[in-house]
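Engineer: The structure file run.cif (mmCIF, C-alpha atoms) is provided below.
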```
data_final
loop_
_atom_site.label_atom_id
_atom_site.label_comp_id
_atom_site.auth_asym_id
_atom_site.auth_seq_id
_atom_site.Cartn_x
_atom_site.Cartn_y
_atom_site.Cartn_z
CA MET A 66 -52.00 -11.11 31.07
CA ASN A 67 -54.20 -8.27 32.15
CA ILE A 68 -55.81 -5.80 29.81
CA ASN A 69 -54.27 -2.34 29.95
CA ALA A 70 -53.42 0.68 27.82
CA THR A 71 -51.28 -1.48 25.52
CA LEU A 72 -54.60 -2.19 23.83
CA LEU A 73 -55.04 1.44 22.81
CA GLY A 74 -51.41 1.73 21.81
CA GLN A 75 -51.69 -1.32 19.60
CA THR A 76 -54.86 0.01 17.98
CA ILE A 77 -53.21 3.35 17.21
CA MET A 78 -50.03 1.70 15.99
CA PHE A 79 -52.04 -0.60 13.76
CA ALA A 80 -53.98 2.29 12.32
CA LEU A 81 -50.76 4.18 11.58
CA PHE A 82 -49.17 1.14 9.95
CA VAL A 83 -52.22 0.61 7.76
CA TRP A 84 -52.23 4.29 6.79
CA PHE A 85 -48.55 4.18 5.88
CA CYS A 86 -48.99 0.99 3.90
CA MET A 87 -51.98 2.41 2.07
CA ARG A 88 -50.23 5.68 1.33
CA PHE A 89 -46.65 4.72 0.53
CA ILE A 90 -46.34 0.99 -0.16
CA TRP A 91 -49.37 -0.35 -1.93
CA PRO A 92 -49.81 2.20 -4.77
CA PRO A 93 -46.24 2.23 -6.16
CA VAL A 94 -45.92 -1.54 -6.17
CA ILE A 95 -49.33 -2.05 -7.74
CA ARG A 96 -48.46 0.62 -10.31
CA ALA A 97 -45.25 -1.18 -11.17
CA LEU A 98 -47.10 -4.47 -11.43
CA ASP A 99 -49.74 -2.97 -13.70
CA ALA A 100 -47.08 -1.32 -15.84
CA ARG A 101 -45.26 -4.62 -16.19
CA ARG A 102 -48.48 -6.42 -17.04
CA GLN A 103 -49.05 -3.81 -19.75
CA GLN A 104 -45.50 -4.24 -21.04
CA ILE A 105 -45.87 -7.98 -21.18
CA ALA A 106 -49.18 -7.67 -22.99
CA ASP A 107 -47.61 -5.22 -25.44
CA GLY A 108 -44.64 -7.53 -25.94
CA LEU A 109 -46.90 -10.48 -26.62
CA ALA A 110 -48.95 -8.45 -29.07
CA ALA A 111 -45.76 -7.31 -30.80
CA ALA A 112 -44.55 -10.89 -31.00
CA GLU A 113 -47.88 -11.92 -32.48
CA ARG A 114 -47.66 -9.11 -34.98
CA GLY A 115 -44.08 -10.09 -35.82
CA LYS A 116 -45.16 -13.66 -36.42
CA HIS A 117 -47.95 -12.48 -38.66
CA ASP A 118 -45.54 -10.23 -40.57
CA LEU A 119 -43.16 -13.13 -40.94
CA GLU A 120 -45.91 -15.28 -42.39
CA LEU A 121 -46.83 -12.55 -44.84
CA ALA A 122 -43.21 -12.07 -45.82
CA ALA A 123 -42.78 -15.81 -46.31
CA LYS A 124 -45.85 -15.88 -48.51
CA ARG A 125 -44.62 -12.90 -50.48
CA SER A 126 -41.16 -14.35 -50.90
CA ALA A 127 -42.67 -17.60 -52.12
CA ASP A 128 -44.73 -15.62 -54.61
CA ILE A 129 -41.69 -13.72 -55.78
CA LEU A 130 -39.72 -16.92 -56.08
CA ARG A 131 -42.42 -18.58 -58.11
CA GLU A 132 -42.72 -15.55 -60.35
CA ALA A 133 -38.97 -15.47 -60.82
CA LYS A 134 -38.97 -19.14 -61.73
CA ASN A 135 -41.71 -18.57 -64.26
CA LYS A 136 -39.88 -15.63 -65.72
CA ALA A 137 -36.66 -17.60 -65.89
CA ALA A 138 -38.43 -20.46 -67.64
CA GLU A 139 -39.94 -17.97 -70.04
CA ILE A 140 -36.58 -16.39 -70.68
CA ILE A 141 -35.03 -19.79 -71.27
CA ALA A 142 -37.82 -20.72 -73.66
CA GLN A 143 -37.40 -17.41 -75.45
CA GLY A 144 -33.67 -18.01 -75.65
CA GLU A 145 -34.27 -21.46 -77.05
CA ARG A 146 -36.62 -20.08 -79.62
CA LEU A 147 -34.20 -17.32 -80.49
CA LYS A 148 -31.42 -19.84 -80.85
CA VAL A 149 -33.41 -21.97 -83.21
CA GLU A 150 -34.45 -18.89 -85.11
CA THR A 151 -30.94 -17.59 -85.34
CA LEU A 152 -29.66 -20.94 -86.42
CA ASP A 153 -32.32 -21.13 -89.08
CA GLN A 154 -31.53 -17.66 -90.24
CA ALA A 155 -27.84 -18.45 -90.33
CA LYS A 156 -28.52 -21.65 -92.17
CA ASN A 157 -30.70 -19.88 -94.69
CA ALA A 158 -28.18 -17.13 -95.11
CA ALA A 159 -25.45 -19.66 -95.60
CA ARG A 160 -27.51 -21.55 -98.08
CA GLU A 161 -28.27 -18.34 -100.01
CA GLU A 162 -24.67 -17.34 -99.85
CA ALA A 163 -23.60 -20.72 -101.16
CA THR A 164 -26.15 -20.51 -103.94
CA ARG A 165 -24.96 -17.08 -104.79
CA ILE A 166 -21.35 -18.09 -104.72
CA ILE A 167 -22.11 -21.09 -106.88
CA ALA A 168 -24.11 -18.93 -109.23
CA ALA A 169 -21.30 -16.39 -109.37
CA ALA A 170 -18.83 -19.17 -110.03
CA HIS A 171 -21.07 -20.53 -112.74
CA ALA A 172 -21.43 -17.10 -114.27
CA GLU A 173 -17.74 -16.52 -114.12
CA ALA A 174 -17.05 -19.92 -115.57
CA ALA A 175 -19.53 -19.19 -118.35
CA GLN A 176 -17.96 -15.81 -118.94
CA GLU A 177 -14.59 -17.40 -118.91
CA ALA A 178 -15.73 -20.00 -121.40
CA THR A 179 -17.29 -17.32 -123.61
CA ARG A 180 -14.17 -15.30 -123.47
CA ALA A 181 -12.06 -18.36 -124.26
CA ARG A 182 -14.43 -19.20 -127.07
CA GLU A 183 -14.07 -15.62 -128.36
CA VAL A 184 -10.36 -15.82 -128.20
CA LEU A 185 -10.45 -19.27 -129.69
CA ARG A 186 -12.80 -18.06 -132.39
CA ASP A 187 -10.51 -15.18 -133.17
CA GLN A 188 -7.57 -17.46 -133.24
CA VAL A 189 -9.45 -20.10 -135.31
CA ALA A 190 -10.50 -17.34 -137.64
CA ASP A 191 -6.97 -16.10 -137.77
CA LEU A 192 -5.75 -19.64 -138.23
CA ALA A 193 -8.32 -20.28 -140.88
CA VAL A 194 -7.45 -17.03 -142.54
CA ALA A 195 -3.77 -17.84 -142.14
CA GLY A 196 -4.37 -21.37 -143.50
CA ALA A 197 -6.53 -20.10 -146.23
CA ALA A 198 -4.06 -17.37 -146.87
CA LYS A 199 -1.35 -19.95 -147.15
CA ILE A 200 -3.51 -22.03 -149.45
CA LEU A 201 -4.90 -19.18 -151.41
CA ARG A 202 -1.91 -16.86 -151.17
CA ARG A 203 -1.96 -15.96 -154.63
CA GLU A 204 -5.52 -16.10 -155.67
CA VAL A 205 -7.34 -14.92 -152.55
CA ASP A 206 -7.02 -11.38 -151.54
CA ALA A 207 -7.84 -10.75 -147.90
CA LYS A 208 -9.37 -7.49 -148.70
CA THR A 209 -11.69 -8.67 -151.35
CA HIS A 210 -12.86 -11.65 -149.48
CA ALA A 211 -13.26 -9.89 -146.11
CA ASP A 212 -17.04 -10.23 -146.23
CA LEU A 213 -16.79 -13.89 -146.76
CA LEU A 214 -14.34 -14.29 -143.94
CA ASN A 215 -16.48 -12.30 -141.56
CA ALA A 216 -19.49 -14.42 -142.37
CA LEU A 217 -17.44 -17.47 -141.67
CA LYS A 218 -16.26 -15.96 -138.40
CA GLN A 219 -19.86 -15.43 -137.40
CA GLN A 220 -20.73 -19.05 -137.98
CA LEU A 221 -17.96 -20.28 -135.76
CA MET B 171 -34.42 -23.35 32.56
CA THR B 172 -32.78 -20.09 33.36
CA THR B 173 -31.72 -20.97 36.87
CA GLU B 174 -31.80 -24.13 38.92
CA ALA B 175 -33.53 -22.41 41.77
CA LEU B 176 -36.74 -21.88 39.81
CA THR B 177 -39.49 -24.44 40.16
CA SER B 178 -41.49 -25.44 37.11
CA THR B 179 -44.42 -23.32 38.18
CA GLU B 180 -42.26 -20.30 38.72
CA TYR B 181 -40.58 -20.85 35.37
CA ILE B 182 -43.91 -21.02 33.53
CA ARG B 183 -45.24 -18.01 35.37
CA HIS B 184 -42.15 -16.06 34.62
CA HIS B 185 -42.53 -16.79 30.93
CA LEU B 186 -46.16 -15.78 30.87
CA GLN B 187 -45.53 -12.43 32.54
CA ASN B 188 -45.31 -9.35 30.36
CA LEU B 189 -43.00 -6.47 31.07
CA THR B 190 -45.75 -4.19 32.36
CA CYS B 191 -44.70 -0.68 33.21
CA GLY B 192 -46.83 2.16 34.50
CA LEU B 193 -46.89 5.21 36.71
CA ARG B 194 -46.94 4.48 40.42
CA GLU B 195 -46.53 7.22 42.98
CA GLY B 196 -45.26 9.64 40.37
CA SER B 197 -42.52 7.50 38.87
CA ILE B 198 -42.35 4.80 36.22
CA HIS B 199 -42.46 1.38 37.75
CA CYS B 200 -42.20 -2.00 36.07
CA ALA B 201 -44.09 -4.89 37.61
CA HIS B 202 -42.16 -7.90 38.87
CA SER B 203 -45.14 -10.17 39.30
CA ALA B 204 -48.65 -10.69 37.99
CA GLU B 205 -50.10 -9.12 41.13
CA GLU B 206 -47.99 -6.00 40.79
CA ALA B 207 -48.98 -5.74 37.13
CA LYS B 208 -52.62 -5.90 38.13
CA GLU B 209 -52.10 -3.18 40.71
CA LEU B 210 -50.79 -0.83 38.04
CA GLY B 211 -54.32 -0.80 36.62
CA PHE B 212 -55.40 0.09 33.12
CA TRP B 213 -52.94 2.94 32.47
CA ALA B 214 -49.93 0.71 32.14
CA ILE B 215 -48.10 -0.43 29.05
CA ASN B 216 -46.77 -3.87 28.22
CA VAL B 217 -43.44 -2.51 27.03
CA ASP B 218 -42.33 -5.83 25.51
CA THR B 219 -45.50 -6.30 23.46
CA PHE B 220 -45.51 -2.70 22.37
CA GLY B 221 -41.79 -2.57 21.58
CA VAL B 222 -41.56 -5.84 19.68
CA SER B 223 -44.68 -5.17 17.62
CA LEU B 224 -43.44 -1.66 16.86
CA VAL B 225 -40.03 -2.93 15.74
CA LEU B 226 -41.57 -5.68 13.61
CA GLY B 227 -44.12 -3.31 12.11
CA LEU B 228 -41.40 -0.80 11.24
CA LEU B 229 -39.29 -3.61 9.80
CA PHE B 230 -42.18 -4.57 7.56
CA LEU B 231 -42.91 -0.99 6.51
CA LEU B 232 -39.27 -0.10 5.86
CA LEU B 233 -38.58 -3.25 3.87
CA PHE B 234 -41.66 -2.84 1.73
CA ARG B 235 -41.21 0.93 1.44
CA SER B 236 -37.60 0.59 0.26
CA VAL B 237 -38.81 -1.72 -2.47
CA ALA B 238 -41.88 0.34 -3.32
CA LYS B 239 -39.78 3.48 -3.68
CA LYS B 240 -37.71 2.04 -6.50
CA ALA B 241 -40.25 -0.39 -7.89
CA THR B 242 -39.82 -0.66 -11.65
CA SER B 243 -41.84 -2.41 -14.25
CA GLY B 244 -38.62 -3.94 -15.60
CA VAL B 245 -37.07 -7.20 -14.50
CA PRO B 246 -37.51 -7.31 -10.70
CA GLY B 247 -34.66 -8.07 -8.33
CA GLY B 248 -34.86 -10.46 -5.41
CA ALA B 249 -36.42 -8.14 -2.82
CA GLN B 250 -38.83 -6.63 -5.31
CA ASN B 251 -39.80 -10.08 -6.46
CA PHE B 252 -40.61 -11.11 -2.90
CA VAL B 253 -42.59 -7.95 -2.19
CA GLU B 254 -44.48 -8.24 -5.46
CA TRP B 255 -45.23 -11.85 -4.75
CA SER B 256 -46.64 -10.97 -1.32
CA ILE B 257 -48.68 -8.11 -2.70
CA GLU B 258 -50.09 -10.17 -5.53
CA PHE B 259 -50.98 -12.92 -3.09
CA ILE B 260 -52.85 -10.43 -0.89
CA ASP B 261 -54.42 -8.77 -3.90
CA ASP B 262 -55.73 -12.11 -5.14
CA SER B 263 -57.14 -12.93 -1.69
CA VAL B 264 -58.86 -9.56 -1.50
CA ARG B 265 -60.29 -9.86 -5.00
CA GLY B 266 -61.53 -13.32 -4.09
CA SER B 267 -63.47 -12.34 -0.97
CA PHE B 268 -64.13 -8.61 -1.27
CA THR B 269 -66.72 -7.67 -3.86
CA GLY B 270 -66.73 -3.90 -3.51
CA ARG B 271 -64.10 -1.40 -4.50
CA SER B 272 -61.98 0.13 -1.77
CA ALA B 273 -58.49 1.59 -1.66
CA LEU B 274 -58.19 0.64 1.99
CA VAL B 275 -58.97 -3.05 2.15
CA ALA B 276 -56.00 -4.45 0.25
CA PRO B 277 -53.29 -2.46 2.09
CA LEU B 278 -55.11 -3.22 5.34
CA ALA B 279 -55.01 -6.92 4.53
CA LEU B 280 -51.33 -6.71 3.61
CA THR B 281 -50.46 -4.97 6.87
CA ILE B 282 -52.48 -7.44 8.91
CA PHE B 283 -50.97 -10.46 7.24
CA VAL B 284 -47.34 -9.45 7.31
CA TRP B 285 -47.42 -7.83 10.72
CA ILE B 286 -49.20 -10.73 12.41
CA PHE B 287 -46.97 -13.19 10.59
CA LEU B 288 -43.85 -11.44 11.86
CA MET B 289 -45.20 -11.24 15.41
CA ASN B 290 -46.16 -14.91 15.31
CA LEU B 291 -42.75 -15.73 13.88
CA MET B 292 -41.17 -14.60 17.14
CA ASP B 293 -42.66 -17.78 18.58
CA LEU B 294 -39.99 -19.76 16.75
CA VAL B 295 -37.14 -17.96 18.51
CA PRO B 296 -35.99 -20.37 21.24
CA ILE B 297 -38.02 -19.25 24.21
CA ASP B 298 -35.21 -18.65 26.66
CA TYR B 299 -32.88 -16.63 24.43
CA ILE B 300 -34.46 -13.20 24.69
CA PRO B 301 -35.59 -13.42 28.35
CA PHE B 302 -32.08 -14.52 29.26
CA LEU B 303 -30.55 -11.62 27.35
CA THR B 304 -32.88 -9.07 28.90
CA GLN B 305 -32.22 -10.47 32.35
CA GLN B 306 -28.53 -9.81 31.80
CA LEU B 307 -29.56 -6.23 31.03
CA GLY B 308 -31.53 -6.06 34.26
CA ILE B 309 -35.03 -6.44 32.83
CA SER B 310 -36.87 -9.05 34.82
CA HIS B 311 -39.59 -10.06 32.36
CA PHE B 312 -39.76 -10.10 28.61
CA LYS B 313 -42.38 -11.82 26.48
CA LEU B 314 -41.14 -11.87 22.92
CA VAL B 315 -44.33 -12.85 21.08
CA PRO B 316 -46.77 -9.89 20.97
CA THR B 317 -49.65 -12.03 19.72
CA THR B 318 -49.59 -14.08 22.94
CA ASP B 319 -50.60 -10.87 24.68
CA PRO B 320 -54.38 -10.35 24.37
CA ASN B 321 -53.77 -6.60 24.36
CA ALA B 322 -52.18 -6.82 20.92
CA THR B 323 -54.80 -9.04 19.33
CA ILE B 324 -57.75 -7.21 20.91
CA GLY B 325 -56.19 -3.91 19.89
CA MET B 326 -56.12 -4.97 16.25
CA ALA B 327 -59.59 -6.49 16.47
CA ILE B 328 -60.95 -3.20 17.85
CA ALA B 329 -59.47 -1.34 14.89
CA VAL B 330 -61.15 -3.81 12.54
CA PHE B 331 -64.40 -3.46 14.49
CA PHE B 332 -64.31 0.32 14.09
CA LEU B 333 -63.72 -0.10 10.38
CA VAL B 334 -66.68 -2.48 10.10
CA VAL B 335 -68.95 -0.02 11.89
CA PHE B 336 -67.53 2.91 9.92
CA TYR B 337 -68.10 1.28 6.54
CA SER B 338 -71.53 -0.05 7.54
CA ILE B 339 -72.61 3.50 8.33
CA LYS B 340 -70.81 4.99 5.36
CA ILE B 341 -72.40 2.61 2.85
CA LYS B 342 -75.85 2.16 4.37
CA GLY B 343 -76.21 5.35 6.35
CA VAL B 344 -77.02 5.53 10.05
CA GLY B 345 -80.60 4.44 9.38
CA GLY B 346 -79.49 1.49 7.33
CA PHE B 347 -77.05 0.38 9.98
CA VAL B 348 -79.59 0.71 12.78
CA GLY B 349 -82.15 -1.05 10.61
CA GLU B 350 -79.74 -3.86 10.01
CA LEU B 351 -79.31 -4.23 13.77
CA THR B 352 -82.99 -4.07 14.63
CA LEU B 353 -85.13 -5.32 11.72
CA HIS B 354 -83.51 -8.69 11.08
CA PRO B 355 -84.23 -11.54 11.24
CA PHE B 356 -87.76 -11.33 12.75
CA GLY B 357 -89.14 -8.10 11.27
CA LYS B 358 -90.04 -4.98 13.26
CA PHE B 359 -92.25 -6.78 15.81
CA GLY B 360 -89.37 -8.87 17.09
CA LEU B 361 -87.20 -5.80 17.67
CA PRO B 362 -85.66 -6.70 21.05
CA ALA B 363 -84.78 -10.19 19.87
CA ASN B 364 -83.36 -8.77 16.65
CA LEU B 365 -81.25 -6.23 18.47
CA PHE B 366 -79.92 -8.90 20.81
CA LEU B 367 -79.08 -11.34 18.02
CA GLU B 368 -77.53 -8.77 15.71
CA SER B 369 -75.54 -7.18 18.52
CA VAL B 370 -74.11 -10.55 19.42
CA ASN B 371 -73.38 -11.09 15.75
CA LEU B 372 -71.59 -7.73 15.52
CA ILE B 373 -69.64 -8.07 18.77
CA ALA B 374 -68.70 -11.66 17.99
CA LYS B 375 -66.64 -10.49 15.00
CA PRO B 376 -63.85 -8.68 16.85
CA VAL B 377 -64.01 -11.07 19.78
CA SER B 378 -63.57 -14.12 17.60
CA LEU B 379 -60.78 -12.39 15.65
CA ALA B 380 -58.87 -11.44 18.77
CA LEU B 381 -59.39 -14.57 20.78
CA ARG B 382 -58.70 -17.01 17.95
CA LEU B 383 -55.31 -15.50 17.27
CA PHE B 384 -54.49 -15.03 20.93
CA GLY B 385 -55.65 -18.53 21.89
CA ASN B 386 -53.67 -20.25 19.17
CA MET B 387 -50.47 -18.38 19.84
CA TYR B 388 -50.83 -18.62 23.59
CA ALA B 389 -51.35 -22.37 23.40
CA GLY B 390 -48.40 -22.76 21.06
CA GLU B 391 -46.19 -20.70 23.35
CA MET B 392 -47.39 -22.75 26.31
CA ILE B 393 -46.36 -25.99 24.65
CA PHE B 394 -42.92 -24.56 23.90
CA ILE B 395 -42.60 -23.61 27.58
CA LEU B 396 -43.63 -27.10 28.67
CA ILE B 397 -41.16 -28.68 26.24
CA ALA B 398 -38.48 -26.43 27.70
CA LEU B 399 -39.04 -28.09 31.07
CA LEU B 400 -37.66 -31.37 29.70
CA PRO B 401 -33.97 -32.21 30.09
CA PHE B 402 -32.05 -30.25 27.47
CA TYR B 403 -30.92 -33.36 25.53
CA LEU B 404 -34.53 -34.48 25.06
CA GLN B 405 -36.07 -31.13 24.16
CA TRP B 406 -35.33 -31.29 20.44
CA THR B 407 -37.37 -34.49 20.03
CA LEU B 408 -40.51 -32.49 20.79
CA SER B 409 -39.58 -28.90 20.06
CA LEU B 410 -38.39 -29.62 16.52
CA PRO B 411 -41.65 -31.27 15.34
CA TRP B 412 -43.69 -28.66 17.19
CA ALA B 413 -41.68 -25.81 15.69
CA ILE B 414 -42.11 -27.25 12.19
CA PHE B 415 -45.83 -27.65 12.80
CA HIS B 416 -45.89 -24.15 14.22
CA ILE B 417 -44.58 -22.69 10.96
CA LEU B 418 -47.89 -23.78 9.48
CA ILE B 419 -49.91 -22.42 12.40
CA ILE B 420 -48.35 -18.96 12.47
CA THR B 421 -48.92 -18.52 8.73
CA LEU B 422 -52.42 -19.92 8.95
CA GLN B 423 -53.40 -17.68 11.86
CA ALA B 424 -52.11 -14.59 10.08
CA PHE B 425 -54.01 -15.65 6.97
CA ILE B 426 -57.23 -16.34 8.92
CA PHE B 427 -57.11 -12.96 10.66
CA MET B 428 -56.60 -11.28 7.29
CA THR B 429 -59.30 -13.23 5.47
CA LEU B 430 -61.89 -12.73 8.21
CA THR B 431 -61.14 -9.01 8.23
CA ILE B 432 -61.74 -8.88 4.49
CA VAL B 433 -64.95 -10.88 4.83
CA TYR B 434 -66.26 -8.69 7.67
CA LEU B 435 -65.52 -5.55 5.67
CA ASP B 436 -67.19 -7.12 2.65
CA MET B 437 -70.28 -7.79 4.73
CA ALA B 438 -70.17 -4.19 5.94
CA HIS B 439 -70.17 -3.06 2.31
CA GLN B 440 -73.20 -5.10 1.34
CA GLU B 441 -76.73 -3.84 1.64
CA TYR B 442 -78.27 -7.12 2.72
CA HIS B 443 -76.59 -9.98 4.43
#
```
Here is a file; write its structure as structure tokens.

Structural biologist:
Amino acid sequence: MNINATLLGQTIMFALFVWFCMRFIWPPVIRALDARRQQIADGLAAAERGKHDLELAAKRSADILREAKNKAAEIIAQGERLKVETLDQAKNAAREEATRIIAAAHAEAAQEATRAREVLRDQVADLAVAGAAKILRREVDAKTHADLLNALKQQL
Amino acid sequence: MTTEALTSTEYIRHHLQNLTCGLREGSIHCAHSAEEAKELGFWAINVDTFGVSLVLGLLFLLLFRSVAKKATSGVPGGAQNFVEWSIEFIDDSVRGSFTGRSALVAPLALTIFVWIFLMNLMDLVPIDYIPFLTQQLGISHFKLVPTTDPNATIGMAIAVFFLVVFYSIKIKGVGGFVGELTLHPFGKFGLPANLFLESVNLIAKPVSLALRLFGNMYAGEMIFILIALLPFYLQWTLSLPWAIFHILIITLQAFIFMTLTIVYLDMAHQEYH
């Protein structure tokens, strides 16, 4: 337990160990630790940014959704209106068409009646002429009484 | 006990004797007793203290260096995790007690803590294992715990003392350092008293560092030796609790040595204390 040169040896050894530690051990490990701290900080910041982006995206998607809903409602309303309009138009067209058809039918019927009346008139005239001719065979000459007959025909 | 022939006193003495080797009459001679060790004088080496502390120091440096060499900022493996944990622990301690900026203090603290811890840890190796082994190899004495040798603790304390003086002079200049020693606490008219008080203050730092560590480890070792004198079937009843308690002591002593070193260097860095 006496003091001897071990003392000096220990001092030198200690100094060398400290030098080695200071030169070769401490800096790389501290560098790695700092780098990792930086990475973690960056990662946290990125996560924060991601969360923020997500919030923005959610907000935007909600906006888009709402807009789409509005547009869809608008389109539906427009469609409804269009339907009603189209129906009205169709109804009107149909009504006009019916009126026209009826009018045409009326006109045709009238024409038909006129024509029939004409024919009938001709025939009545002929009949009357024939009857009269039969009655007046001898005394009435068709040629001389043509004016009279024509006037009669007109009155029919 | 190693042999039945030994008395208790001889056994204790044997365990407290370092393997001291030195030059005597032109050849290397290793002492076989405390008296012979004393005769070898100052220029002798406690080979056991020196060898064990060297091996443990190299173990520390190689382990930490192997990790430091491939330290990545990615996910750390087991060894890197341990090393990083130690270094962060030391770094926190240094930041807590050292106010200046210095590239030396933190690595110094790390070396002190781990090295002293490893040397203290040798105290937990059953005390007869290594001496028995070395005796089989023909080496008469072997003290496994370097910190129970005052040479080791005083050696480290001297290095710390030099650092304190070096930084005091570096920061405050020679004049500042001398002024600090002579002009406090009584002003320039109480110069002799100041010099006496401040010198005691300065010298007390390494002495308290060295003797606190040495005293604690020596006492702990002594108790292990005394427990080893009990019959072998009773030893565990005392050595187990003492060993468990000692785990705390060896860590605490390493931590105290480190913290005081940081504090002393911090004081050396400050203009006024």

Engineer: Starting from the shown file, work through the PyMOL selection byres ((chain A) within 9 of (chain B)) and note down what comes out as a ChimeraX atom specification.

Structural biologist: /A:66-80,82-102,104

Engineer: At what distance in Å, to one decimal, does atom CA of A:Leu147 lie from atom CA of A:Asp128?

Structural biologist: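 Spanning atom CA of A:Asp128 to atom CA of A:Leu147 is a straight-line distance of 28.0 Å.
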
Engineer: Could you tell me which residues the PyMOL selection byres ((chain B and resi 294-296) around 9) returns for this structure, as a PyMOL selection string?

Structural biologist: chain B and resi 290-293+297-300+314+394+413+416-417

Engineer: Go ahead and write the selection's residues with C-alpha atoms as a CSV table (one decimal), in the frame of the given file.

Structural biologist:
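So selection.csv came out as:
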```csv
chain,number,residue,atom,x,y,z
B,290,ASN,CA,-46.2,-14.9,15.3
B,291,LEU,CA,-42.8,-15.7,13.9
B,292,MET,CA,-41.2,-14.6,17.1
B,293,ASP,CA,-42.7,-17.8,18.6
B,297,ILE,CA,-38.0,-19.2,24.2
B,298,ASP,CA,-35.2,-18.6,26.7
B,299,TYR,CA,-32.9,-16.6,24.4
B,300,ILE,CA,-34.5,-13.2,24.7
B,314,LEU,CA,-41.1,-11.9,22.9
B,394,PHE,CA,-42.9,-24.6,23.9
B,413,ALA,CA,-41.7,-25.8,15.7
B,416,HIS,CA,-45.9,-24.2,14.2
B,417,ILE,CA,-44.6,-22.7,11.0
```

Engineer: Using the chain letters and numbers from this file, what does the PyMOL selection byres ((chain B and resi 435) around 8) select? Give the answer as a list of chain:residue names.

Structural biologist: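 Written out, the selection comes to B:Phe268, B:Val275, B:Leu333, B:Val334, B:Tyr337, B:Thr431, B:Ile432, B:Val433, B:Tyr434, B:Asp436, B:Met437, B:Ala438, B:His439.
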
Engineer: Quick one: everything within 12 Å of B:Leu353, counting all atoms listed in the file, minus sequence neighbours fewer than 3 positions away in the same chain. Send it as a ChimeraX atom specification.

Structural biologist: /B:345-350,356-369,442

Engineer: With the input short on atoms, add N, CA and C atoms back to stretch 147-158 of chain A and write it as a PDB file, keeping the file's coordinate frame.

Structural biologist:
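The result, stored in rebuild_26.pdb:
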```pdb
ATOM      1  N   LEU A 147     -35.092 -18.245 -79.804  1.00  0.00           N
ATOM      2  CA  LEU A 147     -34.200 -17.320 -80.490  1.00  0.00           C
ATOM      3  C   LEU A 147     -33.042 -18.081 -81.127  1.00  0.00           C
ATOM      4  N   LYS A 148     -32.548 -19.055 -80.354  1.00  0.00           N
ATOM      5  CA  LYS A 148     -31.420 -19.840 -80.850  1.00  0.00           C
ATOM      6  C   LYS A 148     -31.805 -20.551 -82.149  1.00  0.00           C
ATOM      7  N   VAL A 149     -32.955 -21.234 -82.033  1.00  0.00           N
ATOM      8  CA  VAL A 149     -33.410 -21.970 -83.210  1.00  0.00           C
ATOM      9  C   VAL A 149     -33.590 -21.028 -84.395  1.00  0.00           C
ATOM     10  N   GLU A 150     -34.215 -19.874 -84.064  1.00  0.00           N
ATOM     11  CA  GLU A 150     -34.450 -18.890 -85.110  1.00  0.00           C
ATOM     12  C   GLU A 150     -33.153 -18.441 -85.752  1.00  0.00           C
ATOM     13  N   THR A 151     -32.225 -18.086 -84.860  1.00  0.00           N
ATOM     14  CA  THR A 151     -30.940 -17.590 -85.340  1.00  0.00           C
ATOM     15  C   THR A 151     -30.237 -18.631 -86.189  1.00  0.00           C
ATOM     16  N   LEU A 152     -30.303 -19.864 -85.668  1.00  0.00           N
ATOM     17  CA  LEU A 152     -29.660 -20.940 -86.420  1.00  0.00           C
ATOM     18  C   LEU A 152     -30.273 -21.071 -87.805  1.00  0.00           C
ATOM     19  N   ASP A 153     -31.625 -21.014 -87.800  1.00  0.00           N
ATOM     20  CA  ASP A 153     -32.320 -21.130 -89.080  1.00  0.00           C
ATOM     21  C   ASP A 153     -31.894 -20.027 -90.035  1.00  0.00           C
ATOM     22  N   GLN A 154     -31.915 -18.801 -89.412  1.00  0.00           N
ATOM     23  CA  GLN A 154     -31.530 -17.660 -90.240  1.00  0.00           C
ATOM     24  C   GLN A 154     -30.143 -17.853 -90.823  1.00  0.00           C
ATOM     25  N   ALA A 155     -29.238 -18.277 -89.897  1.00  0.00           N
ATOM     26  CA  ALA A 155     -27.840 -18.450 -90.330  1.00  0.00           C
ATOM     27  C   ALA A 155     -27.758 -19.494 -91.433  1.00  0.00           C
ATOM     28  N   LYS A 156     -28.547 -20.580 -91.183  1.00  0.00           N
ATOM     29  CA  LYS A 156     -28.520 -21.650 -92.170  1.00  0.00           C
ATOM     30  C   LYS A 156     -29.008 -21.139 -93.530  1.00  0.00           C
ATOM     31  N   ASN A 157     -30.137 -20.420 -93.446  1.00  0.00           N
ATOM     32  CA  ASN A 157     -30.700 -19.880 -94.690  1.00  0.00           C
ATOM     33  C   ASN A 157     -29.708 -18.965 -95.387  1.00  0.00           C
ATOM     34  N   ALA A 158     -29.135 -18.081 -94.547  1.00  0.00           N
ATOM     35  CA  ALA A 158     -28.180 -17.130 -95.110  1.00  0.00           C
ATOM     36  C   ALA A 158     -27.031 -17.865 -95.774  1.00  0.00           C
TER      37      ALA A 158
END
```
